[in-house]
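K.L.:
Here it is, the structure in full.
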Amino acid sequence: MELGMSHRGEHSEIETFVGATVDSELSGNMIDICPVGALTSKPFRYQARTWELSRRRSVSPHDSTGSNLIVQVKGQRVMRVVPLENEDINECWIADRDRFSYEALGSDDRLTAPMIRQDGQWRSVDWATALDYVARGLRQIRADHGPGAIGALLSPHSTVEELFLASRLVRGLGSENVDHRLRQAEFRPATGARWLGMPIADLSRLDRVLVIGSHLRKDHPLFAQRIRQAVRRGARMAVVDEVARDWAMPVAQRLLAPAADWASVLARIAAAVAAECGEVPPVPAEADEAAVATARLLLSGERKALLLGNAAAHHARASSLLALANWIGQRTGASVGYLTEAANTVGAQLVGAVPGPGGLHAGQMLSGGLKAALLLNVEPAFDTAAGAGGVRALADCEMVVSLSPFRANLDCADVLLPIAPFTETPGTFVNAEGRVQSFHAVVRPLGETRPGWKVLRVLADLLEIPGLAFDSAQQVLRAARGEADAAAAFVRADALSNATDAPIDLTPAAGTPCVAGIYEIDALVRRAPALQATADART
């Protein structure tokens with residue numbers, strides 16, 4: 001309804017109507033379905049003719065959908081991104097952040113050569129000098145402070161190959177300080193990789209769904225449109241959240257409470273389910289009217305799911321929320337799953353990008369627990385729950401190495417190593433349903449940029465860490481997955497689990513879950529002008 005037509009006849013123009021703007025997170029799909037070509041991509045307009053473009057397949061590096069993409073290239077420049085149809089994943093749609101984040105690839109903020117900070121000044125060096133500097137620094141810190149003083153903070157938007165090598169490198173130095181859970185408040189060990197708990201395509205066929213702690217439209221635009229399809233066919237939805245949000249679909253039950261009290265809300269739903277089923281609830285709680293209505297909603301229908309969002313995963317009582325969701329799911333016949341935050345959250349868990357025995361988790365590393373830190377596609381000010389405090393803690397380290405496509409972490413880093421974004425490197429992502437999707441580089445690396453897996457492999461050679469002498473990204477993937485299932489399309493079912501044996505704690509949790517905005521979630525979207533000009537980015 002935001003679009004209208006002005007003037008008449010051959011002078012007619014389609015434009016936004018009476019000062020309105022199109023603020024949907026899926027608005028770019030109108031470009032693809034416009035039958036006459038009147039709606040066009042503003043960033044791409046007048047940049048190239050479509051017949052001049054090469055078309056190459058890729059996978060979205062943003063959320064856990066793993067949307068399939070066609071990246072259109074002219075020369076060695078990405079000109080446009082459009083959807084590649086895959087009915088099992090993204091159908092024929094992509095989110096706006098998948099479509100327009102390519103603008104960041106040509107940003108003035110791109111890092112095109114290694115840099116070292118000396119006497120407070122940054123200077124460009126060659127790769128041999130930079131990597132030798134890093135290797136010597138890490139050896140010295142290990143000798144002076146022990147291997148436990150070294151750690152790695154790894155973005156779950158990195159590829160399986162990068163996450164695997166970075167984890168193995170740090171462990172090869174004798175440290176177990178490795179973590180990708182940058183925004184979490186609770187760090188309880190998991191029995192398996194947290195995942196969606198069902199195929200993505202099945203979201204469209206649900207009859208009943210309870211979403212806990214998610215701004216579904218903004219956190220997972222394509223999951224939201226799948227569930228919207230289900231609601232249009234008669235599915236009923238319930239939501240546990242802090243505030244009522246516009247999800248562009250009817251919501252049957254809204255259970256609104258401060259995030260600190262979400263465990264108590266689920267306990268009341270569990271009590272209502274127990275009363276309906278004649279069972280004893282998992283914890284004492286008194287069901288209110290909304291909890292009873294939600295329990296009855298979940299006990300009806302056939303295909304049901306409880307979905308925990310980013311705020312639930314990052315909650316200080318995350319394990320209690322999961323334990324209560326599992327109890328409710330078992331009694332109502334509903335599957336339980338995590339929507340999962342990033343493109344490779346599942347993959348990061350599978351390759352062991354979490355602390356080993358005695359290792360520090362992300363919260364501890366960002367509280368001053370390190371003398372040397374490797375930051376893989378991480379900007380602590382934006383990507384971690386610690387925020388500016390994490391930057392200050394890292395600034396006190398003797399060495400911080402930033403591996404990023406951008407001139408990032410200038411306030412705390414000592415070395416900047418330019419690694420390739422997803423368009424300039426081969427790699428693999430594992431989406432929320434456990435689907436393994438590999439992709440190739442679509443253009444050559446910019447300037448002196450190098451694929452992250454190659455940088456980590458060479459650094460491992462310099463540090464004399466055995467077992468990492470890989471010659472291709474495919475070899476790294478085989479090592480990460482194991483030779484037996486290296487070509488399998490899906491992760492083994494026994495590697496995925498949302499089970500927990502954690503005790504249920506109804507004590508109100510301190511703090512607010514750290515959840516990134518739709519156009520703040522990673523370095524690419526933060527540097528895409530078209531996305532940053534939207535209403536979602538301004539609010």
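Here, A, B, ... name the chains of the structure tokens in the order displayed, residue numbers run from 1 inside each chain, and ligands are numbered from 1 in the same displayed order.
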If you take only C-alpha atoms and a cut-off of 12 Å, which residues of segment 113-153 of chain A touch segment 362-372 of chain A, and what are their nearest atom pairs and distances in Å to one decimal, in chain and number order, as CSV?
P.N.:
```
residue,atom,partner,partner_atom,distance
A:Val134,CA,A:Ala372,CA,10.0
A:Ala135,CA,A:Ala372,CA,11.4
A:Arg136,CA,A:Ala372,CA,11.9
A:Gly137,CA,A:Ala372,CA,8.5
A:Leu138,CA,A:Ala372,CA,7.0
A:Arg139,CA,A:Ala372,CA,10.3
A:Gln140,CA,A:Ala372,CA,10.2
A:Ile141,CA,A:Lys371,CA,7.1
A:Arg142,CA,A:Ala372,CA,8.9
A:Ala143,CA,A:Lys371,CA,11.6
A:Asp144,CA,A:Lys371,CA,9.9
A:His145,CA,A:Lys371,CA,7.8
A:Gly146,CA,A:Lys371,CA,9.7
A:Pro147,CA,A:Ala372,CA,9.6
A:Gly148,CA,A:Leu370,CA,7.8
A:Ala149,CA,A:Leu370,CA,4.8
A:Ile150,CA,A:Ala372,CA,4.7
A:Gly151,CA,A:Ala372,CA,6.4
A:Ala152,CA,A:Met365,CA,8.5
A:Leu153,CA,A:Ala362,CA,6.7
```
K.L.:
Would you save the residues from that selection as a PDB file, in the first residue's frame, using N, CA and C atoms?
P.N.:
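Wrote again.pdb, looks like this:
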```
ATOM      1  N   VAL A 134      53.554 -11.762  13.603  1.00  0.00           N
ATOM      2  CA  VAL A 134      52.534 -12.423  14.419  1.00  0.00           C
ATOM      3  C   VAL A 134      53.088 -13.696  15.050  1.00  0.00           C
ATOM      4  N   ALA A 135      53.785 -14.513  14.258  1.00  0.00           N
ATOM      5  CA  ALA A 135      54.317 -15.773  14.777  1.00  0.00           C
ATOM      6  C   ALA A 135      55.310 -15.531  15.907  1.00  0.00           C
ATOM      7  N   ARG A 136      56.213 -14.564  15.714  1.00  0.00           N
ATOM      8  CA  ARG A 136      57.192 -14.268  16.766  1.00  0.00           C
ATOM      9  C   ARG A 136      56.505 -13.745  18.023  1.00  0.00           C
ATOM     10  N   GLY A 137      55.492 -12.902  17.842  1.00  0.00           N
ATOM     11  CA  GLY A 137      54.768 -12.357  18.992  1.00  0.00           C
ATOM     12  C   GLY A 137      54.045 -13.439  19.784  1.00  0.00           C
ATOM     13  N   LEU A 138      53.393 -14.359  19.093  1.00  0.00           N
ATOM     14  CA  LEU A 138      52.665 -15.430  19.783  1.00  0.00           C
ATOM     15  C   LEU A 138      53.629 -16.368  20.518  1.00  0.00           C
ATOM     16  N   ARG A 139      54.771 -16.657  19.889  1.00  0.00           N
ATOM     17  CA  ARG A 139      55.759 -17.506  20.569  1.00  0.00           C
ATOM     18  C   ARG A 139      56.255 -16.844  21.852  1.00  0.00           C
ATOM     19  N   GLN A 140      56.517 -15.541  21.771  1.00  0.00           N
ATOM     20  CA  GLN A 140      57.048 -14.831  22.931  1.00  0.00           C
ATOM     21  C   GLN A 140      56.027 -14.775  24.060  1.00  0.00           C
ATOM     22  N   ILE A 141      54.764 -14.529  23.713  1.00  0.00           N
ATOM     23  CA  ILE A 141      53.721 -14.465  24.742  1.00  0.00           C
ATOM     24  C   ILE A 141      53.516 -15.837  25.369  1.00  0.00           C
ATOM     25  N   ARG A 142      53.555 -16.887  24.565  1.00  0.00           N
ATOM     26  CA  ARG A 142      53.444 -18.237  25.129  1.00  0.00           C
ATOM     27  C   ARG A 142      54.600 -18.523  26.076  1.00  0.00           C
ATOM     28  N   ALA A 143      55.803 -18.103  25.699  1.00  0.00           N
ATOM     29  CA  ALA A 143      56.960 -18.342  26.557  1.00  0.00           C
ATOM     30  C   ALA A 143      56.875 -17.540  27.849  1.00  0.00           C
ATOM     31  N   ASP A 144      56.375 -16.300  27.769  1.00  0.00           N
ATOM     32  CA  ASP A 144      56.336 -15.422  28.944  1.00  0.00           C
ATOM     33  C   ASP A 144      55.160 -15.712  29.866  1.00  0.00           C
ATOM     34  N   HIS A 145      54.011 -16.040  29.307  1.00  0.00           N
ATOM     35  CA  HIS A 145      52.786 -16.142  30.108  1.00  0.00           C
ATOM     36  C   HIS A 145      52.114 -17.507  30.054  1.00  0.00           C
ATOM     37  N   GLY A 146      52.622 -18.399  29.217  1.00  0.00           N
ATOM     38  CA  GLY A 146      51.991 -19.703  29.066  1.00  0.00           C
ATOM     39  C   GLY A 146      50.944 -19.695  27.968  1.00  0.00           C
ATOM     40  N   PRO A 147      50.603 -20.861  27.450  1.00  0.00           N
ATOM     41  CA  PRO A 147      49.646 -20.927  26.333  1.00  0.00           C
ATOM     42  C   PRO A 147      48.252 -20.445  26.704  1.00  0.00           C
ATOM     43  N   GLY A 148      47.903 -20.503  27.979  1.00  0.00           N
ATOM     44  CA  GLY A 148      46.582 -20.055  28.410  1.00  0.00           C
ATOM     45  C   GLY A 148      46.363 -18.568  28.275  1.00  0.00           C
ATOM     46  N   ALA A 149      47.409 -17.813  27.946  1.00  0.00           N
ATOM     47  CA  ALA A 149      47.275 -16.365  27.751  1.00  0.00           C
ATOM     48  C   ALA A 149      46.858 -16.018  26.329  1.00  0.00           C
ATOM     49  N   ILE A 150      46.756 -17.034  25.455  1.00  0.00           N
ATOM     50  CA  ILE A 150      46.412 -16.823  24.047  1.00  0.00           C
ATOM     51  C   ILE A 150      44.989 -17.323  23.808  1.00  0.00           C
ATOM     52  N   GLY A 151      44.203 -16.577  23.034  1.00  0.00           N
ATOM     53  CA  GLY A 151      42.840 -17.000  22.740  1.00  0.00           C
ATOM     54  C   GLY A 151      42.363 -16.482  21.409  1.00  0.00           C
ATOM     55  N   ALA A 152      41.232 -17.006  20.952  1.00  0.00           N
ATOM     56  CA  ALA A 152      40.653 -16.607  19.666  1.00  0.00           C
ATOM     57  C   ALA A 152      39.163 -16.361  19.824  1.00  0.00           C
ATOM     58  N   LEU A 153      38.706 -15.226  19.311  1.00  0.00           N
ATOM     59  CA  LEU A 153      37.290 -14.905  19.225  1.00  0.00           C
ATOM     60  C   LEU A 153      36.902 -14.996  17.758  1.00  0.00           C
TER      61      LEU A 153
END
```
K.L.:
Can you pull out every residue within 10 Å of Ser67 of chain A, counting only C-alpha atoms, but drop anything in the same chain fewer than 5 positions away, and send it as a list of chain:residue names?
P.N.:
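That gives A:Ser58, A:Val59, A:Ser60, A:Pro61, A:His62, A:Pro83, A:Leu84, A:Glu85, A:Asn86, A:Asp88, A:Ile89, A:Asn90, A:Glu91, A:Cys92, A:Trp93, A:Ile94, A:Ala95, A:Asp98, A:Leu222, A:Ala343, A:Asn431, A:Gln437.
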K.L.:
Of the candidates A:Thr512, A:His157, A:Met30, A:Arg527, which one gets nearest to Pro258 of chain A if we count only C-alpha atoms?
P.N.:
A:Thr512
K.L.:
To one decimal place in Å, what is the distance between atom CA of Ala128 of chain A and atom CA of Gly467 of chain A?
P.N.:
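Atom-to-atom, atom CA of Ala128 of chain A to atom CA of Gly467 of chain A, that is 21.4 Å.
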K.L.:
Hey, what's within 8 Å of Leu496 of chain A if we count only C-alpha atoms and toss same-chain stuff fewer than 3 positions away? As number ranges by chain, please?
P.N.:
A: 192-195, 434, 491-493
K.L.:
Please produce a file of the residues just selected, as a compact mmCIF listing (two decimals), in the first residue's frame, where the atoms kept are N, CA, C and O atoms.
P.N.:
```
# COMPACT_ATOMS: atom_id res chain seq x y z
N GLY A 192 25.35 -31.29 22.01
CA GLY A 192 25.43 -31.36 20.55
C GLY A 192 25.21 -29.98 19.98
O GLY A 192 25.00 -29.01 20.72
N ALA A 193 25.26 -29.86 18.68
CA ALA A 193 25.08 -28.56 18.04
C ALA A 193 23.61 -28.16 18.09
O ALA A 193 22.73 -28.92 17.69
N ARG A 194 23.35 -26.96 18.60
CA ARG A 194 21.98 -26.44 18.64
C ARG A 194 21.54 -26.13 17.22
O ARG A 194 22.27 -25.52 16.45
N TRP A 195 20.28 -26.50 16.88
CA TRP A 195 19.82 -26.34 15.52
C TRP A 195 18.32 -26.11 15.47
O TRP A 195 17.66 -26.06 16.51
N GLY A 434 21.02 -27.82 9.44
CA GLY A 434 22.16 -28.74 9.34
C GLY A 434 22.56 -29.05 7.92
O GLY A 434 23.32 -29.99 7.68
N VAL A 491 24.58 -32.60 7.93
CA VAL A 491 25.33 -33.02 9.10
C VAL A 491 24.69 -34.29 9.66
O VAL A 491 23.47 -34.47 9.58
N ARG A 492 25.50 -35.18 10.21
CA ARG A 492 24.95 -36.40 10.84
C ARG A 492 23.94 -36.03 11.93
O ARG A 492 24.18 -35.11 12.73
N ALA A 493 22.85 -36.73 11.96
CA ALA A 493 21.78 -36.43 12.91
C ALA A 493 22.27 -36.51 14.36
O ALA A 493 21.81 -35.74 15.21
```
K.L.:
Can you list, as number ranges by chain, every residue of segment 4-137 of chain A that DSSP puts in strand (DSSP E)?
P.N.:
A: 4-6, 13-16, 54-59, 68-74, 77-83, 115-118, 121-124
K.L.:
Do a neighbour search on Gly387 of chain A at 12 Å with only C-alpha atoms, toss out local chain neighbours closer than 2 positions, and write the hits as a list in words.
P.N.:
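In the requested format, the answer is Leu182, Arg183, Ala362, Gly363, Leu366, Ser367, Val378, Glu379, Pro380, Ala381, Phe382, Asp383, Thr384, Ala385, Gly389, Gly390, Val391, Arg392, Ala393, Leu394, Cys514, Val515 and Ala516 of chain A.
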K.L.:
Those same residues, written as a short mmCIF file (atom, residue, chain, number, x, y, z; two decimals), in the first residue's frame with C-alpha atoms?
P.N.:
```cif
data_model
loop_
_atom_site.label_atom_id
_atom_site.label_comp_id
_atom_site.auth_asym_id
_atom_site.auth_seq_id
_atom_site.Cartn_x
_atom_site.Cartn_y
_atom_site.Cartn_z
CA LEU A 182 30.17 -13.67 21.18
CA ARG A 183 26.77 -12.31 22.26
CA ALA A 362 34.09 -15.35 25.14
CA GLY A 363 32.86 -13.42 28.18
CA LEU A 366 36.57 -10.05 26.74
CA SER A 367 36.96 -9.28 30.44
CA VAL A 378 35.05 -9.96 14.79
CA GLU A 379 34.62 -6.31 15.71
CA PRO A 380 34.16 -6.45 19.50
CA ALA A 381 32.39 -3.10 19.74
CA PHE A 382 29.55 -4.38 17.55
CA ASP A 383 29.72 -8.18 17.61
CA THR A 384 30.00 -8.97 21.31
CA ALA A 385 27.93 -8.56 24.44
CA GLY A 389 34.29 -2.82 27.45
CA GLY A 390 35.60 -5.69 25.35
CA VAL A 391 37.55 -3.26 23.17
CA ARG A 392 39.18 -1.75 26.25
CA ALA A 393 40.09 -5.18 27.61
CA LEU A 394 41.66 -6.23 24.31
CA CYS A 514 22.41 -8.89 23.42
CA VAL A 515 20.70 -9.04 20.03
CA ALA A 516 22.03 -7.32 16.92
#
```
K.L.:
To one decimal in Å, tell me the separation between atom CA of Leu308 of chain A and atom CA of Gly356 of chain A.
P.N.:
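Interatomic distance here is 25.6 Å.
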K.L.:
Select from segment 258-462 of chain A everything DSSP, run on the backbone, classes as alpha helix (DSSP H), then give the selection as an MDAnalysis selection string.
P.N.:
chainID A and resid 262:277 289:299 310:313 318:332 345:350 362:365 380:383 388:395 452:462
K.L.:
With a distance cut-off of 9 Å and only C-alpha atoms, select the neighbouring residues of Thr500 of chain A, excluding the residue or stretch itself and same-chain residues fewer than 2 positions from it, and output the selection as a short mmCIF file (atom, residue, chain, number, x, y, z; two decimals) with C-alpha atoms, in the first residue's frame.
P.N.:
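selection_14.cif, written as the output of this step:
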```
data_model
loop_
_atom_site.label_atom_id
_atom_site.label_comp_id
_atom_site.auth_asym_id
_atom_site.auth_seq_id
_atom_site.Cartn_x
_atom_site.Cartn_y
_atom_site.Cartn_z
CA ALA A 190 26.07 -28.36 25.06
CA THR A 191 25.60 -32.06 24.31
CA SER A 319 19.53 -23.34 29.51
CA SER A 320 16.45 -22.93 31.70
CA LEU A 322 15.59 -24.66 26.70
CA ALA A 323 14.82 -27.13 29.50
CA ASN A 326 11.85 -29.33 25.89
CA SER A 497 20.95 -31.94 19.62
CA ASN A 498 18.79 -29.46 21.52
CA ALA A 502 20.50 -28.18 33.03
CA PRO A 503 18.45 -27.45 36.15
#
```
K.L.:
Calculated over only C-alpha atoms, which of the candidates A:Asp396, A:Glu2, A:Asp96, A:Asp536 has the smallest distance to Leu26 of chain A?
P.N.:
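When distances to Leu26 of chain A are compared using only C-alpha atoms, the smallest one comes from A:Asp96.
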K.L.:
What lies within 12 Å of Met5 of chain A using only C-alpha atoms, ignoring chain neighbours under 5 positions off, as a PyMOL selection string?
P.N.:
chain A and resi 10-18+38
K.L.:
For the residues in the current selection, export C-alpha atoms as a CSV table (one decimal), in the first residue's frame.
P.N.:
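Now in selection21.csv:
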```
chain,number,residue,atom,x,y,z
A,10,GLU,CA,2.2,7.9,-20.9
A,11,HIS,CA,3.3,10.3,-18.1
A,12,SER,CA,2.4,7.9,-15.3
A,13,GLU,CA,5.0,7.2,-12.7
A,14,ILE,CA,5.0,4.6,-10.0
A,15,GLU,CA,6.3,6.1,-6.8
A,16,THR,CA,5.9,6.0,-3.0
A,17,PHE,CA,2.6,7.4,-2.1
A,18,VAL,CA,2.0,10.5,0.1
A,38,ALA,CA,9.1,-0.5,-13.5
```
K.L.:
What's the separation between atom CA of Ala267 of chain A and atom CA of Val209 of chain A, in Å to one decimal place?
P.N.:
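Atom-to-atom, atom CA of Ala267 of chain A to atom CA of Val209 of chain A, that is 17.2 Å.
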